[in-house]
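Okay, structure first, notes after.
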Amino acid sequence: MPDQRVIVIGAGVGGLVTAVQLAARGLQVQVLERAEAPGGKMREVAVGPHRIDAGPTVFTMRWIFEDIFEQAGARLDEHLELEPLSIIARHAWSEQERLDLHADHERSVEAIGDFAGAAEARGYRAFCERARTIYTTLDPTFIRASRPSLLGLMGRCGLSGLGNLRGIRPYDSLWDMLGTYFKDERLRQLFGRYSTYCGSSPFMAPATLMLIAHVEQEGVWSVVGGMHKVAQALAQLAEGLGVTIEYGREVTQILTRSGGVRGVQLADGEQIAAEALVVNADPAALTSGRLGAEARRALPPLAPERRSLSALTWCLSAETEGFPLARHNVFFGRDYASEFADVFGQGRLPRDGTVYVCAQDRGTDGTGSLNGPERLFLLLNAPPRGDRHDFDAVEIEQCEQRVFSHLEHCGLRVQRDPEQTVMTTPAEFDQRFPATGGALYGQATHGWKASFSRPASRTKIPGLYLAGGSTHPGAGIPMAAMSGRLAAEALLADRRST
Ligand SMILES: Cc1cc2nc3c(=O)[nH]c(=O)nc-3n(C[C@H](O)[C@H](O)[C@H](O)COP(=O)(O)OP(=O)(O)OC[C@H]3O[C@@H](n4cnc5c(N)ncnc54)[C@H](O)[C@@H]3O)c2cc1C
């Protein structure tokens with residue numbers, strides 16, 4: 001077996017960031033990726049001649065990437081062109097009820113006042129203030145900490161931070177907490193939706209998730225050329241530092257010796273030796289035995305009942321009319337509780353679901369209309385049961401009808417052509433991201449303990465580390481990147497200590 005120092009399994013954001021960080025510190029790194037391109041969930045789909053972003057579309061916390069590039073001796077702006085969005089998102093409940101959130105805080109306050117009245121605008125100000133406090137308390141003490149624990153969090157916060165921690169009210173659900181700021185159900189829905197950014201229900205997620213509102217307020221960017229460019233830029237950076245990335249290479253087994261790792265076995269039977277391994281696949285691949293029986297003991301079992309949201313998505317090229325699409329658009333269903341009861345409770349597609357629409361060709365200021373077809377990405381929350389149930393043609397057809405008639409109810413008519421549409425179901429997500437059931441964000445953040453029970457960088461097997469959105473600190477591109485960085489730090493620290 002040829003010797004490699006570190007093997008990273010998966011070229012998602014977390015895996016690529018680990019590879020960059022380790023290579024920048026002089027380690028020899030090889031990335032093995034089963035797909036044919038980097039990025040994992042950050043993928044694009046070909047629809048006729050068009051390439052459409054089919055994963056993450058909202059790019060936040062750009063400073064994390066600036067740091068990563070800088071630590072690798074490069075500059076983010078030399079690899080990626082980012083444009084700030086002035087309209088964060090356009091929200092609709094019907095043809096008459098529309099609300100934009102702006103990058104400019106005062107414009108959002110004004111818009112909320114016009115939409116729902118002065119008391120709600122005051123509630124929004126207070127909500128933003130609380131979201132900022134939560135973010136600034138948790139960012140240095142929890143998000144950047146390698147081992148999430150409540151005691152550790154309290155210790156790191158110090159006396160002054162304990163007051164802020166109490167104010168965070170982790171035992172309250174996000175939905176209940178939002179009720180103390182907003183009387184208007186629609187605003188509760190709008191800000192409750194942030195829990196879905198980590199695949200969770202606002203009715204079960206802790207109130208701490210309101211910090212995501214602060215993250216968006218700090219800036220949302222559009223990536224020129226599409227989100228997939230982020231993955232390409234990271235892969236290029238890694239390769240520039242000497243990392244080898246091999247595509248179409250699936251790891252089927254983690255090989256161990258004397259309790260520690262010794263390498264991997266690939267689907268074609270080849271074995272490659274390594275001193276250390278970083279798993280960017282979902283940790284459920286380990287605990288389910290998909291990476292071999294020996295690797296099961298790396299972590300305590302991950303219960304399928306605690307999986308986060310999956311999605312049903314459509315990439316299409318179509319003409320639209322009637323609704324002035326911004327880059328990010330959210331078409332809310334009327335009954336938010338029933339949406340999550342359907343998905344998490346009944347394990348079925350929502351009957352009255354919220355539909356997210358990314359209109360990739362729209363400008364960053366939310367203005368302008370297009371002549372001819374445009375690239376669209378639609379997302380509907382779905383149960384993470386892709387390993388147990390694949391929707392049949394009738395279920396899909398009924399769901400599609402509900403989705404597009406809901407858009408029409410809000411004024412958006414999409415002239416869709418099945419030939420110009422590519423759909424992805426939870427079962428397909430499960431195939432792409434093994435052992436997940438199609439859950440896209442690891443375990444759901446339900447209950448106050450959930451954030452502390454996410455797998456951390458280190459596992460029970462010496463030399464085996466985790467990086468990615470299903471690992472601490474959580475899902476989303478910046479968090480997955482942060483996790484990649486934590487994995488590299490843990491690995492380097494362990495090498496130093498031995
Ligand atoms: C539809 C959708 C919308 C989203 N929207 C947003 C958004 O707007 N903003 C945001 O910040 N985040 C969003 N996210 C979440 C974000 O995309 C993810 O949290 C992040 O990209 C996860 O990165 P990761 O490091 O966990 O790697 P992943 O993307 O999970 O990639 C893991 C990689 O490992 C590979 N792999 C798995 N098993 C093996 C194996 N055995 N051998 C070799 N390779 C293997 C896979 O092929 C994959 O490439 C969205 C996700 C989805 C799916």
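Chain labels run A, B, ... following the order of the structure tokens; each chain numbers its residues from 1, and ligands are numbered from 1 in the order shown.
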Can you list, as a CSV table (one decimal) with all heavy atoms, in the first residue's frame, every protein, DNA or RNA residue that comes within 8 Å of Gly248 in chain A when you count only C-alpha atoms, leaving out same-chain residues fewer than 6 positions away?
```
chain,number,residue,atom,x,y,z
A,32,LEU,N,-10.4,11.8,-1.3
A,32,LEU,CA,-11.1,10.8,-2.1
A,32,LEU,C,-12.6,11.1,-2.2
A,32,LEU,O,-13.3,11.2,-1.1
A,32,LEU,CB,-10.9,9.4,-1.5
A,32,LEU,CG,-9.4,9.0,-1.4
A,32,LEU,CD1,-9.3,7.7,-0.6
A,32,LEU,CD2,-8.8,8.8,-2.8
A,33,GLU,N,-13.1,11.4,-3.3
A,33,GLU,CA,-14.5,11.8,-3.5
A,33,GLU,C,-15.2,10.9,-4.4
A,33,GLU,O,-14.8,10.6,-5.5
A,33,GLU,CB,-14.5,13.3,-4.0
A,33,GLU,CG,-15.9,13.8,-4.5
A,33,GLU,CD,-17.0,13.7,-3.5
A,33,GLU,OE1,-16.9,14.3,-2.4
A,33,GLU,OE2,-18.0,13.0,-3.8
A,34,ARG,N,-16.4,10.4,-4.0
A,34,ARG,CA,-17.1,9.4,-4.8
A,34,ARG,C,-17.8,10.1,-6.0
A,34,ARG,O,-18.0,9.4,-7.0
A,34,ARG,CB,-18.1,8.6,-4.0
A,34,ARG,CG,-19.3,9.4,-3.5
A,34,ARG,CD,-20.0,8.7,-2.3
A,34,ARG,NE,-20.8,7.5,-2.6
A,34,ARG,CZ,-22.1,7.6,-2.9
A,34,ARG,NH1,-22.7,8.8,-2.9
A,34,ARG,NH2,-22.8,6.5,-3.1
A,35,ALA,N,-18.2,11.4,-5.9
A,35,ALA,CA,-18.8,12.0,-7.0
A,35,ALA,C,-17.8,12.5,-8.1
A,35,ALA,O,-16.6,12.3,-7.9
A,35,ALA,CB,-19.6,13.2,-6.5
A,36,GLU,N,-18.3,13.1,-9.1
A,36,GLU,CA,-17.3,13.4,-10.2
A,36,GLU,C,-16.9,14.9,-10.1
A,36,GLU,O,-16.2,15.4,-11.0
A,36,GLU,CB,-18.0,13.2,-11.6
A,36,GLU,CG,-18.3,11.7,-11.9
A,36,GLU,CD,-17.0,10.8,-11.8
A,36,GLU,OE1,-15.9,11.3,-12.1
A,36,GLU,OE2,-17.2,9.6,-11.4
```
Could you tell me, counting only C-alpha atoms and all ligand atoms, which protein and nucleic acid residues lie no more than 7 Å from ligand 1, written as an NGL selection string?
:A and (9-15 or 32-35 or 38-42 or 54-60 or 197 or 249-252 or 280-282 or 291 or 311 or 313 or 379 or 432-434 or 440-441 or 467-470 or 475-478 or 480-481)
Which of these, A:Met423, A:Glu275, A:Trp314, A:Ala450, has the shortest distance to Arg257 in chain A once you count only C-alpha atoms?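 Closest to Arg257 in chain A, using only C-alpha atoms: A:Glu275.
If you look at CA of Cys315 in chain A and CA of Arg62 in chain A, they are 25.7 Å away from each other.
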_Between CA of Leu378 in chain A and CA of Met479 in chain A, what is the distance in Å, rounded to a tenth?_
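Rounded to one decimal, the two atoms are 23.1 Å apart.
Around Asp176 in chain A, within 12 Å and counting only C-alpha atoms, the residues found are Arg169, Pro170, Tyr171, Asp172, Ser173, Leu174, Leu178, Gly179, Thr180, Tyr181, Phe182, Lys183, Glu185, Arg188, Gln189, Phe191, Gly192, Pro202, Phe203, Met204, Ala205, Pro206, Ala207, Thr208 and Met210 of chain A, once anything fewer than 2 positions away on its own chain is removed.
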- Message: Nearest residue to Ala238 in chain A out of A:Gly447, A:Gln271, A:Met61, A:Ile68, using only C-alpha atoms?
- Response: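 Closest to Ala238 in chain A, using only C-alpha atoms: A:Ile68.
Of the residues under consideration (A:Gly438, A:Gly345, A:Gly474, A:Gly363), A:Gly474 shows the shortest atom-to-atom contact distance to Ser195 in chain A when counting only C-alpha atoms.
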- prompt: Neighbours of Pro373 in chain A within 9 Å (only C-alpha atoms; same-chain residues fewer than 6 positions away dropped), as a list in words?
  reply: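 My reading of the contact set: Ser317, Ala318, Glu319, Thr320 and Gln415 of chain A.
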Taking N, CA, C and O atoms for each residue, export the selection above as a PDB file, in the first residue's frame.
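out16.pdb, written as the output of this step:
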```pdb
ATOM      1  N   SER A 317     -35.697  25.598 -16.094  1.00  0.00           N
ATOM      2  CA  SER A 317     -35.510  26.800 -16.892  1.00  0.00           C
ATOM      3  C   SER A 317     -36.891  27.107 -17.444  1.00  0.00           C
ATOM      4  O   SER A 317     -37.485  26.291 -18.147  1.00  0.00           O
ATOM      5  N   ALA A 318     -37.429  28.277 -17.055  1.00  0.00           N
ATOM      6  CA  ALA A 318     -38.821  28.567 -17.440  1.00  0.00           C
ATOM      7  C   ALA A 318     -39.064  30.065 -17.472  1.00  0.00           C
ATOM      8  O   ALA A 318     -38.365  30.836 -16.809  1.00  0.00           O
ATOM      9  N   GLU A 319     -40.067  30.447 -18.267  1.00  0.00           N
ATOM     10  CA  GLU A 319     -40.501  31.845 -18.226  1.00  0.00           C
ATOM     11  C   GLU A 319     -41.439  32.012 -17.043  1.00  0.00           C
ATOM     12  O   GLU A 319     -42.208  31.099 -16.715  1.00  0.00           O
ATOM     13  N   THR A 320     -41.370  33.178 -16.408  1.00  0.00           N
ATOM     14  CA  THR A 320     -42.283  33.440 -15.287  1.00  0.00           C
ATOM     15  C   THR A 320     -43.000  34.753 -15.541  1.00  0.00           C
ATOM     16  O   THR A 320     -42.502  35.607 -16.276  1.00  0.00           O
ATOM     17  N   GLN A 415     -44.193  29.000 -16.403  1.00  0.00           N
ATOM     18  CA  GLN A 415     -44.548  28.211 -17.599  1.00  0.00           C
ATOM     19  C   GLN A 415     -43.577  27.058 -17.725  1.00  0.00           C
ATOM     20  O   GLN A 415     -42.579  27.150 -18.436  1.00  0.00           O
TER      21      GLN A 415
END
```
When you count only C-alpha atoms, which of these residues is closest to Pro455 in chain A: A:Cys399, A:Leu316, A:Ala490, A:Ala284?
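Ranked by minimum distance to Pro455 in chain A, first place goes to A:Ala284.
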_Which of range 3-125 of chain A fall in strand (DSSP E or B), as a PyMOL selection string_ = chain A and resi 3-9+12+29-33+39+44-47+50-53+59-60+82-84+87-92+98-102
For those residues, write N, CA and C atoms to a file as an mmCIF file, in the first residue's frame.
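In the end it all went to again13.cif:
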```
data_model
loop_
_atom_site.group_PDB
_atom_site.id
_atom_site.type_symbol
_atom_site.label_atom_id
_atom_site.label_comp_id
_atom_site.auth_asym_id
_atom_site.auth_seq_id
_atom_site.Cartn_x
_atom_site.Cartn_y
_atom_site.Cartn_z
ATOM 1 N N ASP A 3 2.032 4.909 0.935
ATOM 2 C CA ASP A 3 1.745 5.621 2.174
ATOM 3 C C ASP A 3 1.268 7.042 1.930
ATOM 4 N N GLN A 4 0.171 7.411 2.582
ATOM 5 C CA GLN A 4 -0.320 8.791 2.545
ATOM 6 C C GLN A 4 -0.478 9.219 3.974
ATOM 7 N N ARG A 5 -0.196 10.469 4.270
ATOM 8 C CA ARG A 5 -0.312 10.879 5.669
ATOM 9 C C ARG A 5 -1.782 11.028 6.086
ATOM 10 N N VAL A 6 -2.523 11.910 5.369
ATOM 11 C CA VAL A 6 -3.919 12.130 5.761
ATOM 12 C C VAL A 6 -4.821 11.902 4.553
ATOM 13 N N ILE A 7 -5.878 11.154 4.764
ATOM 14 C CA ILE A 7 -6.879 10.998 3.704
ATOM 15 C C ILE A 7 -8.161 11.661 4.164
ATOM 16 N N VAL A 8 -8.719 12.494 3.291
ATOM 17 C CA VAL A 8 -10.010 13.118 3.569
ATOM 18 C C VAL A 8 -11.042 12.403 2.703
ATOM 19 N N ILE A 9 -12.100 11.907 3.347
ATOM 20 C CA ILE A 9 -13.135 11.168 2.596
ATOM 21 C C ILE A 9 -14.271 12.139 2.292
ATOM 22 N N GLY A 12 -16.722 17.727 0.063
ATOM 23 C CA GLY A 12 -17.687 18.782 0.382
ATOM 24 C C GLY A 12 -16.923 19.950 0.990
ATOM 25 N N VAL A 29 -1.746 15.507 1.888
ATOM 26 C CA VAL A 29 -3.187 15.228 1.989
ATOM 27 C C VAL A 29 -3.734 14.694 0.665
ATOM 28 N N GLN A 30 -4.578 13.680 0.780
ATOM 29 C CA GLN A 30 -5.255 13.131 -0.399
ATOM 30 C C GLN A 30 -6.756 13.159 -0.124
ATOM 31 N N VAL A 31 -7.524 13.695 -1.046
ATOM 32 C CA VAL A 31 -8.983 13.720 -0.896
ATOM 33 C C VAL A 31 -9.567 12.670 -1.835
ATOM 34 N N LEU A 32 -10.448 11.824 -1.300
ATOM 35 C CA LEU A 32 -11.120 10.815 -2.137
ATOM 36 C C LEU A 32 -12.602 11.149 -2.167
ATOM 37 N N GLU A 33 -13.130 11.375 -3.343
ATOM 38 C CA GLU A 33 -14.517 11.828 -3.487
ATOM 39 C C GLU A 33 -15.249 10.873 -4.429
ATOM 40 N N GLY A 39 -17.682 19.649 -3.984
ATOM 41 C CA GLY A 39 -18.808 20.459 -3.515
ATOM 42 C C GLY A 39 -19.856 19.704 -2.734
ATOM 43 N N GLU A 44 -24.271 21.743 -8.864
ATOM 44 C CA GLU A 44 -25.136 22.345 -9.874
ATOM 45 C C GLU A 44 -25.664 21.245 -10.774
ATOM 46 N N VAL A 45 -26.838 21.534 -11.330
ATOM 47 C CA VAL A 45 -27.523 20.524 -12.131
ATOM 48 C C VAL A 45 -27.669 21.070 -13.549
ATOM 49 N N ALA A 46 -27.434 20.207 -14.530
ATOM 50 C CA ALA A 46 -27.573 20.646 -15.925
ATOM 51 C C ALA A 46 -29.033 20.476 -16.346
ATOM 52 N N VAL A 47 -29.618 21.571 -16.841
ATOM 53 C CA VAL A 47 -30.977 21.514 -17.388
ATOM 54 C C VAL A 47 -30.863 22.063 -18.801
ATOM 55 N N HIS A 50 -28.354 24.854 -19.599
ATOM 56 C CA HIS A 50 -28.136 25.674 -18.396
ATOM 57 C C HIS A 50 -27.554 24.860 -17.247
ATOM 58 N N ARG A 51 -26.783 25.551 -16.420
ATOM 59 C CA ARG A 51 -26.309 24.938 -15.179
ATOM 60 C C ARG A 51 -26.935 25.717 -14.040
ATOM 61 N N ILE A 52 -27.644 24.991 -13.170
ATOM 62 C CA ILE A 52 -28.438 25.653 -12.133
ATOM 63 C C ILE A 52 -27.953 25.222 -10.752
ATOM 64 N N ASP A 53 -27.765 26.201 -9.852
ATOM 65 C CA ASP A 53 -27.391 25.884 -8.470
ATOM 66 C C ASP A 53 -28.495 25.022 -7.863
ATOM 67 N N PHE A 59 -25.260 32.709 0.570
ATOM 68 C CA PHE A 59 -23.869 32.725 1.039
ATOM 69 C C PHE A 59 -23.710 33.801 2.106
ATOM 70 N N THR A 60 -23.361 33.365 3.325
ATOM 71 C CA THR A 60 -23.206 34.311 4.445
ATOM 72 C C THR A 60 -21.825 34.123 5.083
ATOM 73 N N LEU A 82 -17.751 38.069 -5.242
ATOM 74 C CA LEU A 82 -18.960 38.082 -4.410
ATOM 75 C C LEU A 82 -19.621 39.451 -4.503
ATOM 76 N N GLU A 83 -20.936 39.443 -4.643
ATOM 77 C CA GLU A 83 -21.681 40.714 -4.680
ATOM 78 C C GLU A 83 -22.697 40.710 -3.549
ATOM 79 N N PRO A 84 -22.723 41.787 -2.734
ATOM 80 C CA PRO A 84 -23.705 41.809 -1.641
ATOM 81 C C PRO A 84 -25.114 41.984 -2.186
ATOM 82 N N ILE A 87 -31.445 43.190 -1.266
ATOM 83 C CA ILE A 87 -32.661 42.553 -0.733
ATOM 84 C C ILE A 87 -32.281 41.150 -0.280
ATOM 85 N N ILE A 88 -32.406 40.904 1.024
ATOM 86 C CA ILE A 88 -32.009 39.590 1.551
ATOM 87 C C ILE A 88 -32.973 38.530 1.028
ATOM 88 N N ALA A 89 -34.270 38.812 1.127
ATOM 89 C CA ALA A 89 -35.261 37.869 0.574
ATOM 90 C C ALA A 89 -36.615 38.561 0.444
ATOM 91 N N ARG A 90 -37.375 38.078 -0.513
ATOM 92 C CA ARG A 90 -38.758 38.563 -0.717
ATOM 93 C C ARG A 90 -39.703 37.469 -0.222
ATOM 94 N N HIS A 91 -40.668 37.857 0.617
ATOM 95 C CA HIS A 91 -41.577 36.864 1.218
ATOM 96 C C HIS A 91 -42.995 37.154 0.776
ATOM 97 N N ALA A 92 -43.760 36.098 0.539
ATOM 98 C CA ALA A 92 -45.150 36.301 0.108
ATOM 99 C C ALA A 92 -46.060 35.278 0.768
ATOM 100 N N ARG A 98 -46.901 40.896 0.669
ATOM 101 C CA ARG A 98 -45.491 40.685 0.338
ATOM 102 C C ARG A 98 -44.632 41.522 1.267
ATOM 103 N N LEU A 99 -43.481 40.975 1.623
ATOM 104 C CA LEU A 99 -42.578 41.706 2.517
ATOM 105 C C LEU A 99 -41.131 41.407 2.141
ATOM 106 N N ASP A 100 -40.360 42.465 1.919
ATOM 107 C CA ASP A 100 -38.929 42.291 1.653
ATOM 108 C C ASP A 100 -38.141 42.529 2.931
ATOM 109 N N LEU A 101 -37.114 41.721 3.156
ATOM 110 C CA LEU A 101 -36.118 42.059 4.178
ATOM 111 C C LEU A 101 -34.908 42.598 3.433
ATOM 112 N N HIS A 102 -34.376 43.684 3.968
ATOM 113 C CA HIS A 102 -33.281 44.379 3.279
ATOM 114 C C HIS A 102 -31.975 44.211 4.053
#
```
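Of the residues listed (A:Asp494, A:Asp430, A:Asp335, A:Glu97), A:Glu97 shows the shortest atom-to-atom separation from Cys410 in chain A; distances use only C-alpha atoms.
Residues lying within 6 Å of range 260-264 of chain A, counting only C-alpha atoms and ignoring same-chain neighbours fewer than 6 positions away, are A:Gln253, A:Ile254, A:Gln271, A:Ile272, A:Ala273, A:Ala274, A:Ile461, A:Pro462, A:Gly463.
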Nearest to Thr256 in chain A by atom-to-atom distance, counting only C-alpha atoms, from A:Leu76, A:Ala295, A:Leu407, A:Leu234:
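Smallest distance to Thr256 in chain A is found for A:Ala295.
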Practice item. May I ask for the distance between CA of Glu428 in chain A and CA of Leu302 in chain A, given in Å to one decimal place? Key: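 We find that CA of Glu428 in chain A and CA of Leu302 in chain A lie 20.6 Å from each other.
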I want to know what sits within 9 Å of Asp390 in chain A, based on only C-alpha atoms, with residues of the same chain fewer than 3 positions away left out; could you give that as a VMD selection string? chain A and resid 385 to 387 425 to 428
With N, CA and C atoms kept, could you save the residues just selected as an mmCIF file, in the first residue's frame?
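After the write, selection-v6.cif holds the following:
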```cif
data_model
loop_
_atom_site.group_PDB
_atom_site.id
_atom_site.type_symbol
_atom_site.label_atom_id
_atom_site.label_comp_id
_atom_site.auth_asym_id
_atom_site.auth_seq_id
_atom_site.Cartn_x
_atom_site.Cartn_y
_atom_site.Cartn_z
ATOM 1 N N ARG A 385 -36.850 10.343 4.907
ATOM 2 C CA ARG A 385 -37.124 8.895 4.915
ATOM 3 C C ARG A 385 -36.789 8.276 3.566
ATOM 4 N N GLY A 386 -35.850 8.914 2.875
ATOM 5 C CA GLY A 386 -35.506 8.461 1.522
ATOM 6 C C GLY A 386 -34.957 7.056 1.470
ATOM 7 N N ASP A 387 -34.476 6.535 2.599
ATOM 8 C CA ASP A 387 -33.956 5.165 2.616
ATOM 9 C C ASP A 387 -35.074 4.154 2.829
ATOM 10 N N THR A 425 -35.368 13.970 -5.215
ATOM 11 C CA THR A 425 -36.216 13.512 -4.116
ATOM 12 C C THR A 425 -35.335 13.135 -2.908
ATOM 13 N N PRO A 426 -35.942 12.946 -1.733
ATOM 14 C CA PRO A 426 -35.155 12.494 -0.577
ATOM 15 C C PRO A 426 -34.405 11.190 -0.863
ATOM 16 N N ALA A 427 -35.024 10.282 -1.650
ATOM 17 C CA ALA A 427 -34.341 9.015 -1.951
ATOM 18 C C ALA A 427 -33.066 9.284 -2.756
ATOM 19 N N GLU A 428 -33.145 10.266 -3.664
ATOM 20 C CA GLU A 428 -31.931 10.594 -4.433
ATOM 21 C C GLU A 428 -30.879 11.264 -3.552
#
```
* To do: With a distance cut-off of 9 Å and only C-alpha atoms, select the neighbouring residues of Tyr336 in chain A, excluding the residue or stretch itself and same-chain residues fewer than 6 positions from it, and output the selection as a list in words.
  => Gln189, Asp352, Gly353 and Thr354 of chain A
* So which residues of range 12-217 of chain A fall under helix (DSSP H, G or I) by DSSP, listed as a ChimeraX atom specification? -> /A:13-24,62-71,76-79,105-116,118-143,150-168,174-179,185-198,207-217
